[in-house]
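File shown here: final01.csv, holding CSV, C-alpha atoms.
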```csv
chain,number,residue,atom,x,y,z
S,1,MET,CA,56.1,118.6,106.3
S,2,ILE,CA,57.0,121.7,104.3
S,3,GLN,CA,53.9,123.3,102.9
S,4,ALA,CA,53.5,124.3,99.2
S,5,ASP,CA,54.7,127.9,99.9
S,6,GLY,CA,57.7,126.7,101.8
S,7,ALA,CA,56.3,127.5,105.3
S,8,PRO,CA,56.9,124.9,108.0
S,9,ASP,CA,54.3,122.9,109.9
S,10,ARG,CA,54.2,122.9,113.7
S,11,GLU,CA,56.3,119.8,114.0
S,12,GLN,CA,59.2,121.4,112.1
S,13,LEU,CA,59.0,124.5,114.3
S,14,MET,CA,59.1,122.3,117.4
S,15,GLN,CA,62.1,120.4,116.1
S,16,LEU,CA,63.9,123.7,115.4
S,17,VAL,CA,63.1,125.0,118.9
S,18,PHE,CA,64.4,121.7,120.3
S,19,ALA,CA,67.7,122.1,118.3
S,20,LEU,CA,68.0,125.6,119.6
S,21,ARG,CA,67.5,124.5,123.2
S,22,GLN,CA,70.0,121.6,122.8
S,23,ASN,CA,72.6,124.2,121.8
S,24,GLY,CA,72.0,126.4,124.9
S,25,VAL,CA,69.5,128.9,123.5
S,26,ARG,CA,67.0,129.3,126.4
S,27,ASP,CA,66.0,133.0,126.3
S,28,PRO,CA,62.3,132.9,125.7
S,29,ARG,CA,62.4,136.2,123.8
S,30,VAL,CA,65.1,134.9,121.4
S,31,LEU,CA,63.3,131.6,120.9
S,32,ASP,CA,60.0,133.5,120.2
S,33,ALA,CA,61.7,135.8,117.7
S,34,ILE,CA,63.3,132.9,115.8
S,35,GLU,CA,60.0,131.0,115.7
S,36,LYS,CA,58.2,134.0,114.3
S,37,THR,CA,60.7,134.7,111.6
S,38,PRO,CA,60.1,132.7,108.4
S,39,ARG,CA,63.5,131.4,107.5
S,40,HIS,CA,62.2,129.9,104.2
S,41,LEU,CA,61.7,133.5,102.9
S,42,PHE,CA,65.5,134.2,103.4
S,43,VAL,CA,66.9,131.2,101.5
S,44,ASP,CA,67.0,130.4,97.8
S,45,ARG,CA,64.0,128.4,96.5
S,46,ALA,CA,66.2,125.4,95.8
S,47,PHE,CA,66.9,125.0,99.5
S,48,ARG,CA,63.5,125.9,100.9
S,49,ASP,CA,62.7,122.3,101.9
S,50,ARG,CA,65.7,122.4,104.2
S,51,ALA,CA,65.1,125.9,105.6
S,52,TYR,CA,64.1,124.7,109.1
S,53,GLU,CA,66.9,122.2,109.5
S,54,ASP,CA,69.6,123.4,111.9
S,55,ILE,CA,72.2,123.8,109.1
S,56,PRO,CA,73.8,126.7,107.2
S,57,LEU,CA,72.7,127.1,103.6
S,58,PRO,CA,74.2,128.8,100.6
S,59,ILE,CA,72.8,132.1,99.4
S,60,ALA,CA,73.8,134.4,96.5
S,61,CYS,CA,77.2,136.0,96.1
S,62,GLY,CA,79.0,133.0,97.6
S,63,GLN,CA,77.7,133.7,101.1
S,64,THR,CA,75.7,131.6,103.5
S,65,ILE,CA,72.8,132.0,105.9
S,66,SER,CA,74.0,130.8,109.4
S,67,GLN,CA,72.4,127.7,111.0
S,68,PRO,CA,69.6,128.7,113.4
S,69,SER,CA,71.4,127.5,116.5
S,70,VAL,CA,74.4,129.8,115.8
S,71,VAL,CA,71.9,132.7,115.1
S,72,GLY,CA,70.3,131.9,118.4
S,73,VAL,CA,73.5,131.7,120.4
S,74,MET,CA,74.7,135.0,118.9
S,75,THR,CA,71.4,136.7,119.5
S,76,GLN,CA,71.2,135.5,123.1
S,77,ALA,CA,74.8,136.6,123.8
S,78,LEU,CA,74.0,140.0,122.3
S,79,ALA,CA,71.1,140.4,124.8
S,80,PRO,CA,69.2,143.1,122.9
S,81,THR,CA,66.5,144.9,124.7
S,82,PRO,CA,63.5,146.9,123.4
S,83,ARG,CA,65.5,150.1,124.0
S,84,CYS,CA,68.6,149.0,122.1
S,85,LYS,CA,70.0,150.5,118.9
S,86,VAL,CA,71.8,147.6,117.1
S,87,LEU,CA,74.3,147.5,114.3
S,88,GLU,CA,74.7,144.3,112.3
S,89,VAL,CA,77.7,143.9,110.0
S,90,GLY,CA,77.3,141.3,107.3
S,91,CYS,CA,73.5,141.4,106.7
S,92,GLY,CA,73.5,138.6,104.1
S,93,SER,CA,70.0,137.5,103.3
S,94,GLY,CA,68.5,139.6,106.1
S,95,TYR,CA,67.5,136.8,108.4
S,96,GLN,CA,69.5,137.9,111.4
S,97,ALA,CA,68.4,141.5,111.0
S,98,ALA,CA,64.7,140.4,110.9
S,99,ILE,CA,65.2,138.5,114.2
S,100,LEU,CA,66.9,141.4,115.8
S,101,ALA,CA,64.1,143.7,114.7
S,102,ARG,CA,61.7,141.8,116.9
S,103,LEU,CA,64.0,142.3,119.9
S,104,ALA,CA,65.5,145.8,119.6
S,105,ARG,CA,64.2,149.4,119.1
S,106,ARG,CA,66.2,150.0,115.9
S,107,VAL,CA,68.5,147.9,113.7
S,108,TYR,CA,71.1,149.2,111.2
S,109,ALA,CA,72.4,146.5,108.9
S,110,ILE,CA,75.3,146.7,106.5
S,111,GLU,CA,76.1,144.3,103.6
S,112,ARG,CA,79.0,144.7,101.2
S,113,HIS,CA,77.2,143.0,98.3
S,114,ARG,CA,74.7,145.4,96.8
S,115,ALA,CA,72.4,142.7,95.4
S,116,LEU,CA,72.2,141.0,98.8
S,117,ALA,CA,71.5,144.3,100.6
S,118,ARG,CA,68.7,145.1,98.2
S,119,GLN,CA,67.1,141.6,98.6
S,120,ALA,CA,67.4,141.7,102.4
S,121,ALA,CA,65.7,145.1,102.5
S,122,GLU,CA,62.9,143.8,100.3
S,123,ARG,CA,62.4,140.7,102.5
S,124,ILE,CA,62.4,142.6,105.7
S,125,ALA,CA,59.9,145.2,104.3
S,126,ALA,CA,57.6,142.4,103.2
S,127,LEU,CA,57.4,141.3,106.9
S,128,ASP,CA,56.4,144.8,107.9
S,129,LEU,CA,59.4,145.2,110.1
S,130,SER,CA,59.7,148.9,109.9
S,131,ASN,CA,62.5,149.4,112.4
S,132,VAL,CA,65.3,148.1,110.1
S,133,SER,CA,67.6,150.2,107.8
S,134,VAL,CA,69.8,148.3,105.3
S,135,LYS,CA,72.6,149.7,103.3
S,136,ALA,CA,75.3,148.4,101.0
S,137,GLY,CA,78.8,149.4,102.1
S,138,ASP,CA,82.0,148.5,103.8
S,139,GLY,CA,80.9,146.9,107.1
S,140,ALA,CA,84.4,147.3,108.6
S,141,LEU,CA,83.7,151.0,108.7
S,142,GLY,CA,80.5,150.6,110.6
S,143,TRP,CA,77.8,153.2,110.4
S,144,PRO,CA,79.4,156.3,112.1
S,145,GLU,CA,76.4,158.6,111.3
S,146,GLN,CA,74.2,156.5,113.6
S,147,ALA,CA,76.8,155.7,116.3
S,148,PRO,CA,77.0,155.1,119.2
S,149,PHE,CA,75.3,151.7,119.2
S,150,ASP,CA,74.1,149.8,122.3
S,151,ARG,CA,74.8,146.5,120.5
S,152,ILE,CA,77.0,145.4,117.6
S,153,MET,CA,76.8,142.0,115.9
S,154,VAL,CA,79.4,141.0,113.3
S,155,THR,CA,78.4,138.0,111.2
S,156,CYS,CA,81.8,137.6,109.5
S,157,ALA,CA,85.1,136.6,111.0
S,158,ALA,CA,87.9,139.1,111.7
S,159,GLU,CA,91.4,138.4,112.9
S,160,ASP,CA,90.8,140.9,115.7
S,161,PRO,CA,87.8,142.9,116.8
S,162,PRO,CA,87.7,145.9,114.4
S,163,ALA,CA,88.9,149.1,116.2
S,164,LEU,CA,86.5,151.3,114.2
S,165,LEU,CA,83.5,149.2,115.3
S,166,LEU,CA,84.6,149.2,118.9
S,167,ARG,CA,84.7,153.0,118.9
S,168,GLN,CA,81.1,153.0,117.7
S,169,LEU,CA,80.0,150.8,120.7
S,170,ARG,CA,78.5,152.7,123.6
S,171,GLU,CA,80.0,152.3,127.1
S,172,GLY,CA,78.1,149.4,128.6
S,173,GLY,CA,77.4,148.0,125.2
S,174,ILE,CA,78.0,144.5,123.9
S,175,MET,CA,79.6,143.3,120.7
S,176,VAL,CA,79.3,139.7,119.5
S,177,LEU,CA,81.5,138.5,116.6
S,178,PRO,CA,83.6,135.5,115.4
S,179,VAL,CA,87.4,136.0,115.5
S,180,GLY,CA,90.2,133.9,114.0
S,181,GLN,CA,93.1,133.9,111.6
S,182,SER,CA,91.8,131.1,109.4
S,183,ASP,CA,88.6,129.4,108.3
S,184,ASP,CA,89.5,126.4,110.5
S,185,VAL,CA,90.2,128.2,113.8
S,186,GLN,CA,87.5,130.7,114.7
S,187,HIS,CA,85.8,131.5,118.0
S,188,LEU,CA,82.6,133.4,118.8
S,189,ILE,CA,83.3,136.0,121.4
S,190,ARG,CA,81.3,138.5,123.4
S,191,ILE,CA,82.9,141.9,124.2
S,192,THR,CA,81.4,144.2,126.9
S,193,LYS,CA,82.7,147.8,126.9
S,194,THR,CA,83.1,148.8,130.5
S,195,PRO,CA,84.5,152.0,132.1
S,196,GLN,CA,87.6,150.0,132.9
S,197,GLY,CA,88.1,148.7,129.3
S,198,LEU,CA,87.0,145.7,127.3
S,199,ASP,CA,85.8,142.5,128.9
S,200,TYR,CA,86.1,139.4,126.6
S,201,HIS,CA,84.2,136.2,126.9
S,202,GLU,CA,84.6,133.2,124.6
S,203,LEU,CA,81.4,131.4,123.6
S,204,MET,CA,82.0,128.6,121.1
S,205,PRO,CA,84.0,127.5,118.0
S,206,VAL,CA,82.4,128.6,114.8
S,207,ARG,CA,83.1,129.0,111.1
S,208,PHE,CA,82.1,132.2,109.2
S,209,VAL,CA,83.1,133.8,106.0
S,210,PRO,CA,85.8,136.4,106.5
S,211,LEU,CA,85.2,140.1,107.1
S,212,LEU,CA,86.5,141.8,104.0
S,213,GLU,CA,87.1,145.5,103.7
S,214,GLY,CA,85.7,147.6,100.8
S,215,VAL,CA,82.9,146.5,98.4
S,216,PRO,CA,83.2,144.0,95.5
S,217,GLU,CA,84.3,145.2,92.1
S,218,GLY,CA,81.3,146.3,90.2
S,219,ASP,CA,79.3,147.1,93.4
S,220,ALA,CA,80.8,150.5,94.0
S,221,PRO,CA,78.5,153.4,93.2
```

Spit out the file's structure as structure tokens when you get a sec.
Amino acid sequence: MIQADGAPDREQLMQLVFALRQNGVRDPRVLDAIEKTPRHLFVDRAFRDRAYEDIPLPIACGQTISQPSVVGVMTQALAPTPRCKVLEVGCGSGYQAAILARLARRVYAIERHRALARQAAERIAALDLSNVSVKAGDGALGWPEQAPFDRIMVTCAAEDPPALLLRQLREGGIMVLPVGQSDDVQHLIRITKTPQGLDYHELMPVRFVPLLEGVPEGDAP
């Protein structure tokens, strides 16, 4: 039963962990990070009673918060360690960045919608996660001032892995992102940057909002 403040009870958390395991999320660090991150604080109040179901939910600016099992699969594939510096492109509500903050040394998150970026930063700060920086901007450009990154996660779909982001990935680093030329045909892939080149591994079919260049009209400074 959802409590009055939107927080889940133990049974709901157990059901969520069960859904994650059913979808192949077995890394205990990832499971623990998801369990400790209060998803109900990252969704609109109208959907808080469904925050711990394994489903995507709408958020502001026509965006969505991914279903927990997809968040888990992406996080597990990214394999962040306590020494990693991580870039997240497509911060949205801030939920994924909050999970990464529990697993990595430092997280840099970009969101093209200024209102979402502001809300995400406020939610993350309220959880006392001090190792996350959030900014509004064009995620396709990455965050060159902080490059190179040990890990890069892109939570919006591109036709091909963005070259600018790949250049900001450290050798030996990992990028996880959805790719596809339409909303109906997308695949989540993991790219490892090796001395010999890029190693691609397909993970699962997914559906994400597209990676758009620039910032929305009215959001530009």

Considering all atoms listed in the file, can you say which of S:Ala115, S:Val43, S:Leu13, S:Ile99 comes closest to Gln76 in chain S?
S:Ile99

Excluding range 168-181 of chain S and residues on its chain fewer than 6 positions from it, collect all residues at most 7 Å away from it, counting all atoms listed in the file, and give them as an MDAnalysis selection string.
chainID S and resid 74 77:78 144 147:160 187:195

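For the atom pair formed by CA of Ala46 in chain S and CA of Pro58 in chain S, the distance is 9.9 Å, given to one decimal.
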
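Pairwise distance (CA of Glu53 in chain S, CA of Val134 in chain S) equals 26.6 Å.
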
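Computed from the coordinates, the CA of Arg83 in chain S to CA of Thr64 in chain S distance equals 29.4 Å.
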
Counting all atoms listed in the file, the residue of S:Arg102, S:Arg26, S:Lys36, S:Lys135 that sits nearest Cys84 in chain S:
S:Arg102

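Shortest separation to Val71 in chain S among S:Pro56, S:Pro38, S:Pro162, S:Pro28 occurs at residue S:Pro56, atoms counted being only C-alpha atoms.
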
Using all atoms listed in the file, find the one residue out of S:Pro82, S:Pro161, S:Gly197, S:Gly142 that sits nearest to Ala109 in chain S.
S:Gly142

Counting only C-alpha atoms, which residues have an atom no more than 7 Å from (81.3, 129.8, 112.1) in the file's coordinates? Please list them as a PyMOL selection string.
chain S and resi 178+186+205-208

Can you tell me, as a ChimeraX atom specification, what residues are no more than 9 Å from Leu141 in chain S when counting all atoms listed in the file, ignoring any on the same chain fewer than 3 positions away?
/S:137-138,144,162,164-165,213-214

Which residue gives the smallest distance to Gly62 in chain S among S:Glu11, S:Pro80, S:Leu31, S:Pro210, with all atoms listed in the file counted?
S:Pro210

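Closest approach to Tyr108 in chain S among S:Ala7, S:Val185, S:Ala121, S:Ala60 is made by S:Ala121 (distances from all atoms listed in the file).
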